[in-house]
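Have a look at final.cif; it's mmCIF, C-alpha atoms:
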```cif
data_my_file
loop_
_atom_site.label_atom_id
_atom_site.label_comp_id
_atom_site.auth_asym_id
_atom_site.auth_seq_id
_atom_site.Cartn_x
_atom_site.Cartn_y
_atom_site.Cartn_z
CA MET A 1 -9.91 6.07 33.71
CA GLN A 2 -11.98 6.57 30.57
CA GLU A 3 -13.76 3.61 29.01
CA TYR A 4 -14.55 2.92 25.34
CA ASP A 5 -15.77 -0.02 23.34
CA VAL A 6 -12.79 0.18 20.98
CA VAL A 7 -9.42 1.95 20.92
CA VAL A 8 -7.94 2.39 17.44
CA ILE A 9 -4.17 2.96 17.42
CA GLY A 10 -3.17 5.16 14.48
CA ALA A 11 -4.94 7.80 12.37
CA GLY A 12 -3.69 6.67 8.97
CA PRO A 13 -5.96 5.33 6.21
CA SER A 14 -6.90 2.08 7.94
CA GLY A 15 -7.47 3.84 11.27
CA SER A 16 -9.73 6.42 9.65
CA MET A 17 -11.73 3.78 7.81
CA VAL A 18 -12.20 1.32 10.65
CA SER A 19 -13.17 4.06 13.10
CA ALA A 20 -15.77 5.45 10.68
CA ILE A 21 -17.28 1.98 10.18
CA LEU A 22 -17.38 1.35 13.93
CA HIS A 23 -18.89 4.75 14.69
CA LYS A 24 -21.62 4.32 12.07
CA ALA A 25 -22.55 1.04 13.77
CA GLY A 26 -22.98 2.77 17.13
CA VAL A 27 -19.71 1.59 18.68
CA LYS A 28 -18.01 3.99 21.12
CA VAL A 29 -14.58 4.40 19.55
CA VAL A 30 -11.55 6.61 20.09
CA VAL A 31 -8.56 7.00 17.75
CA VAL A 32 -5.18 7.70 19.36
CA GLU A 33 -2.37 9.01 17.16
CA LYS A 34 1.17 9.74 18.36
CA GLU A 35 1.79 12.51 15.81
CA THR A 36 -0.17 15.35 14.25
CA LEU A 37 -1.35 15.38 10.65
CA PRO A 38 -0.43 16.23 7.93
CA ARG A 39 2.81 14.23 7.86
CA PHE A 40 4.96 12.94 5.00
CA VAL A 41 4.24 9.35 3.96
CA ILE A 42 5.01 7.41 0.79
CA GLY A 43 2.56 5.08 -0.93
CA GLU A 44 0.79 7.71 -3.04
CA SER A 45 -0.75 5.66 -5.85
CA LEU A 46 -4.17 4.24 -4.98
CA LEU A 47 -5.84 1.33 -6.78
CA PRO A 48 -9.40 1.51 -8.17
CA TYR A 49 -10.78 -0.92 -5.59
CA CYS A 50 -9.91 1.75 -3.00
CA ASN A 51 -12.72 3.92 -4.39
CA GLU A 52 -15.33 1.32 -3.49
CA LEU A 53 -13.94 1.01 0.03
CA LEU A 54 -13.73 4.79 0.43
CA ASN A 55 -17.37 5.00 -0.58
CA GLU A 56 -18.41 2.45 2.06
CA ALA A 57 -16.76 4.57 4.75
CA GLY A 58 -18.39 7.78 3.49
CA PHE A 59 -15.08 9.32 2.35
CA LEU A 60 -15.25 9.14 -1.45
CA GLU A 61 -17.02 12.41 -2.17
CA ALA A 62 -14.50 14.36 -0.09
CA VAL A 63 -11.62 12.65 -1.88
CA LYS A 64 -13.16 13.42 -5.29
CA ALA A 65 -13.64 17.07 -4.35
CA HIS A 66 -10.05 17.57 -3.19
CA GLY A 67 -8.49 17.73 -6.66
CA PHE A 68 -6.11 14.77 -6.47
CA GLN A 69 -4.62 13.44 -9.71
CA TYR A 70 -7.06 11.21 -11.61
CA LYS A 71 -5.63 7.72 -12.30
CA ASN A 72 -6.86 5.12 -14.79
CA GLY A 73 -4.01 2.66 -15.17
CA ALA A 74 -0.41 1.60 -14.79
CA ALA A 75 2.45 1.85 -17.30
CA PHE A 76 5.70 -0.11 -17.38
CA SER A 77 8.97 0.72 -19.12
CA TRP A 78 12.14 -1.30 -19.68
CA GLY A 79 14.77 0.12 -22.01
CA ASN A 80 12.80 1.00 -25.14
CA GLU A 81 9.86 -1.22 -24.19
CA TYR A 82 6.62 0.37 -22.95
CA ARG A 83 3.45 -1.41 -21.84
CA TYR A 84 0.34 -0.12 -20.11
CA PHE A 85 -2.73 -1.53 -18.39
CA ASP A 86 -6.06 0.28 -18.68
CA PHE A 87 -7.87 -0.36 -15.40
CA CYS A 88 -11.23 0.08 -17.11
CA ASP A 89 -10.40 -2.94 -19.29
CA LYS A 90 -10.24 -5.62 -16.60
CA SER A 91 -12.09 -8.86 -15.92
CA SER A 92 -13.44 -7.90 -12.48
CA LEU A 93 -16.50 -5.72 -12.05
CA GLY A 94 -16.01 -2.42 -10.25
CA SER A 95 -14.37 0.96 -10.58
CA GLY A 96 -11.61 1.36 -13.16
CA THR A 97 -10.35 4.71 -11.93
CA THR A 98 -8.92 6.18 -8.77
CA PHE A 99 -6.42 8.84 -7.67
CA GLN A 100 -2.74 9.51 -7.10
CA VAL A 101 -2.46 11.42 -3.86
CA GLN A 102 -0.01 13.33 -1.74
CA ARG A 103 -0.36 11.15 1.32
CA ALA A 104 0.12 14.01 3.78
CA ASP A 105 -3.03 15.66 2.41
CA PHE A 106 -4.88 12.39 1.82
CA ASP A 107 -4.35 10.95 5.29
CA LYS A 108 -5.39 14.21 6.95
CA LEU A 109 -8.48 14.45 4.75
CA LEU A 110 -9.63 10.97 5.78
CA ILE A 111 -9.20 11.42 9.53
CA ASP A 112 -10.83 14.86 9.31
CA GLU A 113 -13.81 13.24 7.57
CA ALA A 114 -13.99 10.57 10.26
CA ALA A 115 -13.99 13.32 12.91
CA LYS A 116 -16.77 15.16 11.04
CA GLN A 117 -18.81 11.97 11.23
CA GLY A 118 -18.40 12.03 15.02
CA VAL A 119 -15.31 9.88 15.65
CA GLU A 120 -13.25 11.05 18.64
CA VAL A 121 -9.62 11.55 17.61
CA ARG A 122 -6.70 12.35 19.92
CA PHE A 123 -3.45 13.53 18.33
CA LYS A 124 -0.06 13.63 20.08
CA THR A 125 -1.22 10.62 22.07
CA LYS A 126 1.38 7.86 22.07
CA VAL A 127 0.62 4.36 23.30
CA GLU A 128 3.20 3.21 25.83
CA ASP A 129 1.82 -0.24 26.64
CA VAL A 130 -1.25 -2.44 26.30
CA LYS A 131 -2.30 -5.10 28.79
CA PHE A 132 -5.04 -7.60 27.99
CA GLN A 133 -6.99 -8.92 30.97
CA SER A 134 -10.18 -10.90 31.42
CA ASP A 135 -12.29 -7.78 31.88
CA GLY A 136 -10.83 -5.75 29.00
CA ALA A 137 -7.79 -4.15 27.41
CA TYR A 138 -5.86 -1.49 29.33
CA VAL A 139 -4.09 1.00 27.06
CA LYS A 140 -1.39 2.99 28.84
CA LEU A 141 -0.49 6.29 27.24
CA GLU A 142 2.89 8.02 27.32
CA ASN A 143 1.49 10.84 29.48
CA GLY A 144 0.50 8.33 32.16
CA ASP A 145 -3.22 8.22 31.38
CA GLU A 146 -4.94 4.89 30.83
CA ILE A 147 -7.91 3.88 28.69
CA LYS A 148 -9.96 0.76 29.25
CA ALA A 149 -11.56 -0.82 26.19
CA LYS A 150 -13.32 -3.99 25.18
CA PHE A 151 -11.19 -4.28 22.06
CA VAL A 152 -8.06 -2.77 20.48
CA VAL A 153 -7.54 -2.27 16.75
CA ASP A 154 -3.93 -1.66 15.70
CA ALA A 155 -3.85 0.60 12.66
CA SER A 156 -0.40 2.00 13.47
CA GLY A 157 1.14 1.18 10.09
CA TYR A 158 4.93 1.22 10.08
CA GLY A 159 4.79 1.92 13.85
CA ARG A 160 3.49 -1.65 14.41
CA VAL A 161 2.61 -0.90 18.04
CA LEU A 162 1.02 -4.20 19.12
CA PRO A 163 3.45 -6.40 17.15
CA ARG A 164 6.28 -4.79 19.14
CA ILE A 165 4.51 -4.86 22.52
CA LEU A 166 3.28 -8.44 22.12
CA ASP A 167 6.40 -9.77 20.37
CA LEU A 168 4.47 -10.67 17.22
CA GLU A 169 6.97 -9.45 14.63
CA SER A 170 8.26 -12.03 12.18
CA PRO A 171 10.69 -11.86 9.24
CA SER A 172 9.09 -11.47 5.82
CA CYS A 173 9.50 -14.20 3.22
CA LEU A 174 10.52 -11.44 0.79
CA GLU A 175 14.12 -10.37 0.34
CA VAL A 176 15.45 -7.37 2.28
CA ARG A 177 15.31 -4.30 0.05
CA LYS A 178 15.92 -0.60 0.30
CA ALA A 179 14.31 2.45 -1.28
CA TYR A 180 15.45 6.01 -1.96
CA PHE A 181 12.68 8.48 -2.78
CA THR A 182 11.52 12.09 -2.82
CA HIS A 183 8.98 14.52 -4.28
CA ILE A 184 10.10 16.84 -7.10
CA GLN A 185 8.79 19.48 -9.49
CA ASP A 186 8.86 17.19 -12.52
CA ASN A 187 8.52 19.76 -15.35
CA ILE A 188 7.59 16.97 -17.76
CA SER A 189 6.88 18.46 -21.19
CA GLU A 190 6.62 15.34 -23.37
CA ILE A 191 3.28 15.55 -25.14
CA LEU A 192 2.61 11.81 -25.14
CA TYR A 193 3.31 11.37 -21.41
CA ASP A 194 0.19 10.18 -19.54
CA ARG A 195 -0.13 11.69 -16.05
CA LYS A 196 -3.17 9.49 -15.43
CA LYS A 197 -0.97 6.42 -14.94
CA ILE A 198 1.72 5.45 -12.49
CA LEU A 199 4.95 4.64 -14.34
CA ILE A 200 6.95 1.64 -13.10
CA SER A 201 10.34 1.30 -14.76
CA THR A 202 12.77 -1.59 -14.73
CA HIS A 203 16.48 -0.81 -14.68
CA PRO A 204 17.87 -1.46 -18.19
CA THR A 205 20.57 -3.84 -16.87
CA TYR A 206 19.60 -4.95 -13.36
CA ARG A 207 16.04 -6.23 -13.56
CA GLU A 208 15.64 -6.57 -9.78
CA VAL A 209 16.01 -2.77 -9.49
CA TRP A 210 12.90 -0.76 -10.30
CA PHE A 211 11.57 2.79 -10.10
CA TRP A 212 8.26 4.48 -9.48
CA LEU A 213 7.12 7.78 -10.93
CA ILE A 214 3.76 8.91 -9.54
CA PRO A 215 2.55 12.22 -10.99
CA PHE A 216 0.39 14.58 -8.94
CA SER A 217 -2.15 17.13 -10.13
CA ASN A 218 0.06 20.11 -9.21
CA GLY A 219 2.97 19.38 -11.54
CA ARG A 220 4.94 17.50 -8.93
CA CYS A 221 5.61 13.79 -8.65
CA SER A 222 6.89 11.12 -6.31
CA ILE A 223 10.02 9.40 -7.61
CA GLY A 224 11.83 6.45 -6.05
CA VAL A 225 14.19 3.56 -6.67
CA VAL A 226 13.98 0.13 -5.01
CA GLY A 227 16.60 -2.62 -4.87
CA GLU A 228 18.89 -4.56 -2.57
CA GLY A 229 20.83 -2.22 -0.32
CA LYS A 230 24.17 -3.82 -1.20
CA PHE A 231 23.56 -2.89 -4.83
CA LEU A 232 22.08 0.57 -4.38
CA ASP A 233 24.87 1.53 -1.97
CA LYS A 234 27.76 -0.15 -3.80
CA ASP A 235 29.27 3.17 -4.93
CA GLY A 236 30.25 4.12 -1.40
CA GLN A 237 29.71 7.54 0.13
CA MET A 238 27.07 9.53 -1.75
CA SER A 239 24.25 11.75 -0.58
CA HIS A 240 20.74 10.34 -0.78
CA ASP A 241 19.95 12.95 -3.46
CA ASP A 242 22.93 12.06 -5.65
CA ARG A 243 22.34 8.35 -5.28
CA LEU A 244 18.69 8.61 -6.27
CA LYS A 245 19.42 10.85 -9.26
CA LYS A 246 22.27 8.60 -10.40
CA PHE A 247 19.97 5.59 -10.71
CA VAL A 248 17.01 7.52 -12.12
CA TYR A 249 19.05 8.96 -14.96
CA GLU A 250 20.31 5.48 -15.91
CA VAL A 251 16.76 4.67 -17.10
CA PRO A 252 16.13 5.93 -20.67
CA MET A 253 12.49 6.91 -20.21
CA LEU A 254 13.01 8.55 -16.83
CA LYS A 255 16.04 10.47 -18.13
CA ARG A 256 13.96 11.79 -21.00
CA LEU A 257 10.92 12.67 -18.88
CA LEU A 258 12.80 14.23 -15.96
CA ASP A 259 15.51 16.04 -17.92
CA ASN A 260 14.24 19.44 -16.70
CA ALA A 261 13.06 18.34 -13.24
CA LEU A 262 13.68 20.52 -10.21
CA TRP A 263 14.97 18.29 -7.40
CA ASP A 264 13.87 20.62 -4.63
CA THR A 265 13.15 18.20 -1.76
CA PRO A 266 15.81 16.16 0.08
CA ALA A 267 15.65 12.45 -0.68
CA ARG A 268 14.81 9.96 2.04
CA THR A 269 15.48 6.27 2.47
CA ILE A 270 13.77 3.29 4.03
CA ASN A 271 15.31 -0.13 4.56
CA SER A 272 14.00 -3.63 5.35
CA TYR A 273 10.42 -2.45 4.94
CA SER A 274 8.75 -5.81 4.16
CA LYS A 275 7.30 -7.16 7.41
CA ASP A 276 5.24 -10.08 8.65
CA VAL A 277 3.65 -11.09 11.96
CA LYS A 278 3.08 -14.32 13.88
CA ALA A 279 -0.63 -13.58 14.34
CA LEU A 280 -3.15 -11.17 12.80
CA TYR A 281 -5.46 -11.22 15.79
CA GLY A 282 -5.76 -12.38 19.38
CA ASP A 283 -7.95 -12.09 22.43
CA ARG A 284 -9.40 -8.55 22.25
CA PHE A 285 -7.20 -7.26 19.39
CA VAL A 286 -6.77 -7.28 15.62
CA LEU A 287 -4.04 -5.91 13.35
CA LEU A 288 -4.76 -3.89 10.21
CA GLY A 289 -2.80 -3.00 7.08
CA ASN A 290 0.92 -2.38 7.48
CA ALA A 291 0.67 -3.14 11.21
CA SER A 292 0.00 -6.73 10.16
CA GLU A 293 2.03 -7.22 6.99
CA PHE A 294 3.72 -4.93 4.50
CA LEU A 295 4.74 -6.58 1.25
CA ASP A 296 6.50 -4.27 -1.18
CA PRO A 297 5.46 -1.04 -2.92
CA VAL A 298 5.89 -2.29 -6.50
CA PHE A 299 2.14 -2.72 -7.16
CA SER A 300 0.83 -0.04 -4.77
CA SER A 301 -1.04 -2.63 -2.73
CA GLY A 302 -0.40 -1.09 0.70
CA VAL A 303 -3.38 1.26 1.04
CA THR A 304 -5.71 -1.24 -0.63
CA ILE A 305 -4.79 -3.97 1.87
CA ALA A 306 -5.10 -1.43 4.69
CA PHE A 307 -8.59 -0.42 3.57
CA TYR A 308 -9.78 -3.99 3.01
CA SER A 309 -8.51 -5.10 6.43
CA ALA A 310 -10.28 -2.09 7.97
CA LYS A 311 -13.54 -2.98 6.26
CA LEU A 312 -13.40 -6.59 7.46
CA ALA A 313 -12.32 -5.68 10.98
CA GLY A 314 -14.82 -2.86 11.36
CA ASN A 315 -17.76 -5.12 10.65
CA LEU A 316 -16.42 -8.03 12.73
CA VAL A 317 -15.44 -5.96 15.77
CA THR A 318 -18.89 -4.36 15.72
CA ARG A 319 -20.40 -7.82 16.00
CA ILE A 320 -18.00 -8.73 18.83
CA ILE A 321 -18.90 -5.58 20.78
CA LYS A 322 -22.59 -6.43 20.35
CA GLY A 323 -22.00 -9.83 21.92
CA GLU A 324 -21.96 -12.01 18.81
CA LYS A 325 -19.56 -14.91 18.45
CA VAL A 326 -17.02 -14.22 15.70
CA ASP A 327 -14.41 -16.59 14.30
CA LEU A 328 -11.58 -14.22 13.41
CA GLU A 329 -9.61 -17.02 11.76
CA LYS A 330 -12.30 -17.81 9.24
CA GLU A 331 -13.93 -14.39 8.99
CA TYR A 332 -10.87 -12.11 9.14
CA LYS A 333 -7.55 -13.83 8.50
CA GLU A 334 -8.60 -16.24 5.77
CA PRO A 335 -10.51 -13.67 3.65
CA LEU A 336 -7.79 -11.02 4.10
CA MET A 337 -4.99 -13.39 3.14
CA ILE A 338 -6.64 -14.25 -0.18
CA GLY A 339 -5.66 -10.84 -1.49
CA VAL A 340 -2.39 -10.57 0.43
CA ASN A 341 -1.23 -13.91 -0.96
CA ALA A 342 -2.25 -12.96 -4.48
CA PHE A 343 -0.29 -9.71 -4.31
CA ARG A 344 2.66 -11.61 -2.80
CA THR A 345 2.74 -13.96 -5.80
CA TYR A 346 3.20 -11.09 -8.24
CA VAL A 347 5.69 -9.26 -6.03
CA LYS A 348 7.85 -12.39 -5.86
CA GLY A 349 7.29 -13.01 -9.56
CA TRP A 350 8.38 -9.46 -10.33
CA TYR A 351 11.74 -9.85 -8.59
CA GLU A 352 12.29 -13.34 -10.01
CA GLY A 353 11.68 -11.88 -13.48
CA LYS A 354 8.74 -14.12 -14.41
CA PHE A 355 6.07 -11.47 -13.94
CA GLN A 356 8.23 -8.93 -15.73
CA ASP A 357 8.42 -11.34 -18.66
CA VAL A 358 4.63 -11.55 -18.66
CA ILE A 359 4.21 -7.77 -18.53
CA TYR A 360 6.79 -6.98 -21.21
CA THR A 361 5.84 -9.79 -23.61
CA LYS A 362 4.99 -8.85 -27.20
CA ASN A 363 2.76 -11.92 -27.40
CA GLU A 364 -0.17 -10.52 -25.42
CA ASN A 365 -3.31 -12.51 -24.75
CA HIS A 366 -6.15 -10.06 -24.13
CA ASP A 367 -8.12 -12.34 -21.80
CA ILE A 368 -5.07 -13.03 -19.64
CA LYS A 369 -4.15 -9.34 -19.64
CA ARG A 370 -7.63 -8.40 -18.39
CA LYS A 371 -7.37 -10.88 -15.51
CA ILE A 372 -3.92 -9.57 -14.56
CA CYS A 373 -5.22 -6.02 -14.89
CA SER A 374 -7.82 -6.82 -12.22
CA ILE A 375 -5.02 -7.68 -9.78
CA LEU A 376 -3.14 -4.48 -10.62
CA ALA A 377 -6.39 -2.54 -10.11
CA GLY A 378 -6.70 -3.93 -6.58
CA TYR A 379 -9.33 -6.61 -7.13
CA ALA A 380 -7.17 -9.22 -5.44
CA TRP A 381 -10.16 -10.72 -3.60
CA ASP A 382 -12.13 -11.59 -6.75
CA LYS A 383 -12.62 -15.34 -6.36
CA ASP A 384 -13.81 -15.64 -9.97
CA ASN A 385 -10.32 -14.73 -11.16
CA PRO A 386 -7.91 -17.71 -11.30
CA PHE A 387 -5.02 -15.23 -11.09
CA VAL A 388 -6.32 -14.59 -7.55
CA THR A 389 -7.39 -18.03 -6.36
CA ARG A 390 -4.54 -19.97 -8.03
CA SER A 391 -2.05 -17.13 -8.37
CA ASP A 392 1.19 -19.15 -8.22
CA GLU A 393 -0.08 -21.74 -10.68
CA ALA A 394 -1.55 -19.15 -13.04
CA LEU A 395 1.59 -17.03 -13.18
CA GLU A 396 3.81 -20.08 -13.71
CA SER A 397 1.54 -21.38 -16.50
CA VAL A 398 1.55 -18.09 -18.37
CA TRP A 399 5.31 -17.72 -17.98
CA GLN A 400 5.96 -21.28 -19.20
CA TYR A 401 3.72 -20.65 -22.23
CA LEU A 402 5.75 -17.54 -23.12
CA GLN A 403 8.97 -19.59 -23.06
CA LYS A 404 7.82 -21.77 -25.97
#
```
Just give me the structure of the file as structure tokens.
Amino acid sequence: MQEYDVVVIGAGPSGSMVSAILHKAGVKVVVVEKETLPRFVIGESLLPYCNELLNEAGFLEAVKAHGFQYKNGAAFSWGNEYRYFDFCDKSSLGSGTTFQVQRADFDKLLIDEAAKQGVEVRFKTKVEDVKFQSDGAYVKLENGDEIKAKFVVDASGYGRVLPRILDLESPSCLEVRKAYFTHIQDNISEILYDRKKILISTHPTYREVWFWLIPFSNGRCSIGVVGEGKFLDKDGQMSHDDRLKKFVYEVPMLKRLLDNALWDTPARTINSYSKDVKALYGDRFVLLGNASEFLDPVFSSGVTIAFYSAKLAGNLVTRIIKGEKVDLEKEYKEPLMIGVNAFRTYVKGWYEGKFQDVIYTKNENHDIKRKICSILAGYAWDKDNPFVTRSDEALESVWQYLQK
């Protein structure tokens, strides 16, 4: 039986980041990943705060050199309305730019960089079970091998390995929704179209249905629709491709932009993706990113939350391995949930319509817009921003003001 200080389950973004942080601190760490990379994943639009976290892990220069699509903001469309947020014009200090990435390439790049730094990575290594005992954690692999570790970090994303094994899964407070999505050759020729921004579109009639268009640097884009399954599937038997195209072409701006698109990749679907857990940590383990909680893709918060959780956990687990006493409630859960709760406010506000009203208002207040822009840029842990620390109250106040 091999022994390590830490076993990291999953080689996605949070697994790459936490393993790099642990390794730099002198912790003996191994990453186990059930698949091989590259692999198709959605969640392609990063937020500027990601750049700062990538830099801390030693990944940023490699990401910059790869040639991913430069991103400097977010645009929103609803019927004939169009609004945009310039991430460089925000209230929080920090980077105002980032990238839009094909996740298959991005995820592989990060774990390859971690391996170059000296992290041991094992692909095609599926975790079958984990037992926590007084002398350590015993990780049983599908091939029958077993690893003993002092600590386990679950970075398994949608796989949610420990939540399933330890019965930690819990229903999300968000409504059950479904998404149809694919990658296409977009062939966008409109001169005024800005490929440096993600485009989020609201359905012209059904405001709870929305679309993402994330352009890449190679002339392709990610396109998807999100809504309640009973609505998206109400037309009966249709292929995923036809269903996605039907809804996309009901949106004026998307119809205009994608009129000459080549739909060359079969559409996929995901259902009931918002998840929660009963606990973020326990004796000898901690959950990161989507393994802990996945909100909703509307504001591209997934990778940012994954990275921030990895940063926190990496530093705290290092201290635990070195024999220090760490209060994971106060030093991990409470700081992490500041940002998660802030994002959750605006996700809920989006579907209720209040945050959409704020975004699409013609009565803009520049100071308020800059504070909201900080959230959209990923700075959801900025305690100087009342739209972070009092997110529910701040959103309600702005919405009530707009009703006058």
Picked residues, the PyMOL selection byres ((chain A and resi 268) around 12), expected as a list in words
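With the PyMOL selection byres ((chain A and resi 268) around 12) on this model, the match is Phe40, Val41, Ile42, Lys178, Ala179, Tyr180, Phe181, Thr182, His183, Ser222, Ile223, Gly224, Val225, Ser239, His240, Asp241, Asp242, Arg243, Leu244, Thr265, Pro266, Ala267, Thr269, Ile270 and Asn271 of chain A.
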- Residues picked by the PyMOL selection byres ((chain A and resi 375) around 9) here, as a PyMOL selection string? chain A and resi 90+92+339+342-343+371-374+376-382+385+387-388
Find the spatial neighbours of Lys322 (chain A), counting all atoms listed in the file, within a cut-off of 10 Å - ignore same-chain residues fewer than 6 positions away - and output them as a list in words.
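The neighbour list is Asp5, Ala25, Gly26, Val27 and Leu316 of chain A.
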Practice problem: Compile the contact shell of region 115-123 of chain A as a ChimeraX atom specification: residues with an atom at most 12 Å away, counting all atoms listed in the file, same-chain residues fewer than 6 positions apart removed. | Solution: /A:4,6-12,15-38,57-59,62,108-109,141
Residues returned when the PyMOL selection byres ((chain A and resi 64) around 12) runs on this file, as an MDAnalysis selection string: chainID A and resid 51 54:55 58:63 65:71 97:101 106 109:110
Students should find that CA of Ser189 (chain A) and CA of Ala75 (chain A) are spaced 17.6 Å
Exercise for review: Compile the contact shell of Gly79 (chain A) as an NGL selection string: residues with an atom at most 8 Å away, counting all atoms listed in the file, same-chain residues fewer than 5 positions apart removed.
Suggested key: :A and (202-204 or 251-253)
Between region 195-235 of chain A and region 355-363 of chain A, at 12 Å or less, what are the per-residue closest atom pairs and their distances in Å? Count all atoms listed in the file, order by chain and rising residue number, and return it as a tab-separated table.
```
residue	atom	partner	partner_atom	distance
A:Ile200	CA	A:Gln356	CA	11.0
A:Ser201	CA	A:Gln356	CA	10.5
A:Thr202	CA	A:Gln356	CA	8.7
A:His203	CA	A:Gln356	CA	11.6
A:Arg207	CA	A:Gln356	CA	8.5
A:Glu208	CA	A:Gln356	CA	9.8
A:Val209	CA	A:Gln356	CA	11.7
A:Trp210	CA	A:Gln356	CA	10.9
```
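Minimum distance to Arg284 (chain A) across A:Leu312, A:Ala137, A:Leu336, A:Leu93 (counting only C-alpha atoms) occurs at A:Ala137.
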Expressed in Å, the length from CA of Asn187 (chain A) to CA of Asp107 (chain A) is 25.9 Å
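Between CA of Thr304 (chain A) and CA of Cys50 (chain A) there is a distance of 5.7 Å.
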Which residue of A:Arg177, A:Glu396, A:Glu142, A:Gly43 approaches Gly229 (chain A) most closely, using all atoms listed in the file =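 Smallest separation from Gly229 (chain A) among the options: A:Arg177.
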Grab all the atoms of region 339-342 of chain A that the file lists, wrap them in a box along x, y and z, add 8 Å per side, and give me centre plus edge lengths in Å (one decimal) as AutoDock Vina command-line options.
```
--center_x -3.4 --center_y -12.2 --center_z -2.0 --size_x 20.4 --size_y 19.3 --size_z 20.9
```
Residue nearest Leu258 (chain A) - candidates A:Asn80, A:Gln133, A:Ser217, A:Gln185, atoms counted: only C-alpha atoms: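 Counting only C-alpha atoms, the residue closest to Leu258 (chain A) is A:Gln185.
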Practice item. Between A:Asp264, A:Val298, A:Lys196, A:Arg160, single out the one closest to Phe87 (chain A), counting only C-alpha atoms. Key: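 Of all the options, A:Lys196 lies closest to Phe87 (chain A).
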Taking (3.1, -19.1, -16.8) in the file's coordinates as the center, which residues reach within 12 Å of it, counting all atoms listed in the file, put as a PDB file with C-alpha atoms, in the frame of the given file?
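Resulting contents of part-v2.pdb:
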```pdb
ATOM      1  CA  TYR A 346       3.200 -11.090  -8.240  1.00  0.00           C
ATOM      2  CA  GLY A 349       7.290 -13.010  -9.560  1.00  0.00           C
ATOM      3  CA  GLY A 353      11.680 -11.880 -13.480  1.00  0.00           C
ATOM      4  CA  LYS A 354       8.740 -14.120 -14.410  1.00  0.00           C
ATOM      5  CA  PHE A 355       6.070 -11.470 -13.940  1.00  0.00           C
ATOM      6  CA  GLN A 356       8.230  -8.930 -15.730  1.00  0.00           C
ATOM      7  CA  ASP A 357       8.420 -11.340 -18.660  1.00  0.00           C
ATOM      8  CA  VAL A 358       4.630 -11.550 -18.660  1.00  0.00           C
ATOM      9  CA  ILE A 359       4.210  -7.770 -18.530  1.00  0.00           C
ATOM     10  CA  THR A 361       5.840  -9.790 -23.610  1.00  0.00           C
ATOM     11  CA  ILE A 368      -5.070 -13.030 -19.640  1.00  0.00           C
ATOM     12  CA  PHE A 387      -5.020 -15.230 -11.090  1.00  0.00           C
ATOM     13  CA  ARG A 390      -4.540 -19.970  -8.030  1.00  0.00           C
ATOM     14  CA  SER A 391      -2.050 -17.130  -8.370  1.00  0.00           C
ATOM     15  CA  ASP A 392       1.190 -19.150  -8.220  1.00  0.00           C
ATOM     16  CA  GLU A 393      -0.080 -21.740 -10.680  1.00  0.00           C
ATOM     17  CA  ALA A 394      -1.550 -19.150 -13.040  1.00  0.00           C
ATOM     18  CA  LEU A 395       1.590 -17.030 -13.180  1.00  0.00           C
ATOM     19  CA  GLU A 396       3.810 -20.080 -13.710  1.00  0.00           C
ATOM     20  CA  SER A 397       1.540 -21.380 -16.500  1.00  0.00           C
ATOM     21  CA  VAL A 398       1.550 -18.090 -18.370  1.00  0.00           C
ATOM     22  CA  TRP A 399       5.310 -17.720 -17.980  1.00  0.00           C
ATOM     23  CA  GLN A 400       5.960 -21.280 -19.200  1.00  0.00           C
ATOM     24  CA  TYR A 401       3.720 -20.650 -22.230  1.00  0.00           C
ATOM     25  CA  LEU A 402       5.750 -17.540 -23.120  1.00  0.00           C
ATOM     26  CA  GLN A 403       8.970 -19.590 -23.060  1.00  0.00           C
ATOM     27  CA  LYS A 404       7.820 -21.770 -25.970  1.00  0.00           C
TER      28      LYS A 404
END
```
Reconstruct N, CA and C atoms of region 379-386 of chain A; output as a PDB file, keeping the file's coordinate frame.
```pdb
ATOM      1  N   TYR A 379      -8.278  -5.624  -7.342  1.00  0.00           N
ATOM      2  CA  TYR A 379      -9.330  -6.610  -7.130  1.00  0.00           C
ATOM      3  C   TYR A 379      -8.726  -7.984  -6.847  1.00  0.00           C
ATOM      4  N   ALA A 380      -7.904  -8.012  -5.809  1.00  0.00           N
ATOM      5  CA  ALA A 380      -7.170  -9.220  -5.440  1.00  0.00           C
ATOM      6  C   ALA A 380      -7.993 -10.150  -4.559  1.00  0.00           C
ATOM      7  N   TRP A 381      -9.266  -9.846  -4.359  1.00  0.00           N
ATOM      8  CA  TRP A 381     -10.160 -10.720  -3.600  1.00  0.00           C
ATOM      9  C   TRP A 381     -11.293 -11.244  -4.484  1.00  0.00           C
ATOM     10  N   ASP A 382     -11.134 -11.117  -5.789  1.00  0.00           N
ATOM     11  CA  ASP A 382     -12.130 -11.590  -6.750  1.00  0.00           C
ATOM     12  C   ASP A 382     -11.945 -13.092  -6.950  1.00  0.00           C
ATOM     13  N   LYS A 383     -12.775 -13.890  -6.324  1.00  0.00           N
ATOM     14  CA  LYS A 383     -12.620 -15.340  -6.360  1.00  0.00           C
ATOM     15  C   LYS A 383     -12.966 -15.940  -7.721  1.00  0.00           C
ATOM     16  N   ASP A 384     -13.543 -15.151  -8.619  1.00  0.00           N
ATOM     17  CA  ASP A 384     -13.810 -15.640  -9.970  1.00  0.00           C
ATOM     18  C   ASP A 384     -12.590 -15.541 -10.875  1.00  0.00           C
ATOM     19  N   ASN A 385     -11.533 -14.934 -10.364  1.00  0.00           N
ATOM     20  CA  ASN A 385     -10.320 -14.730 -11.160  1.00  0.00           C
ATOM     21  C   ASN A 385      -9.281 -15.774 -10.758  1.00  0.00           C
ATOM     22  N   PRO A 386      -8.909 -16.693 -11.657  1.00  0.00           N
ATOM     23  CA  PRO A 386      -7.910 -17.710 -11.300  1.00  0.00           C
ATOM     24  C   PRO A 386      -6.543 -17.111 -10.983  1.00  0.00           C
TER      25      PRO A 386
END
```
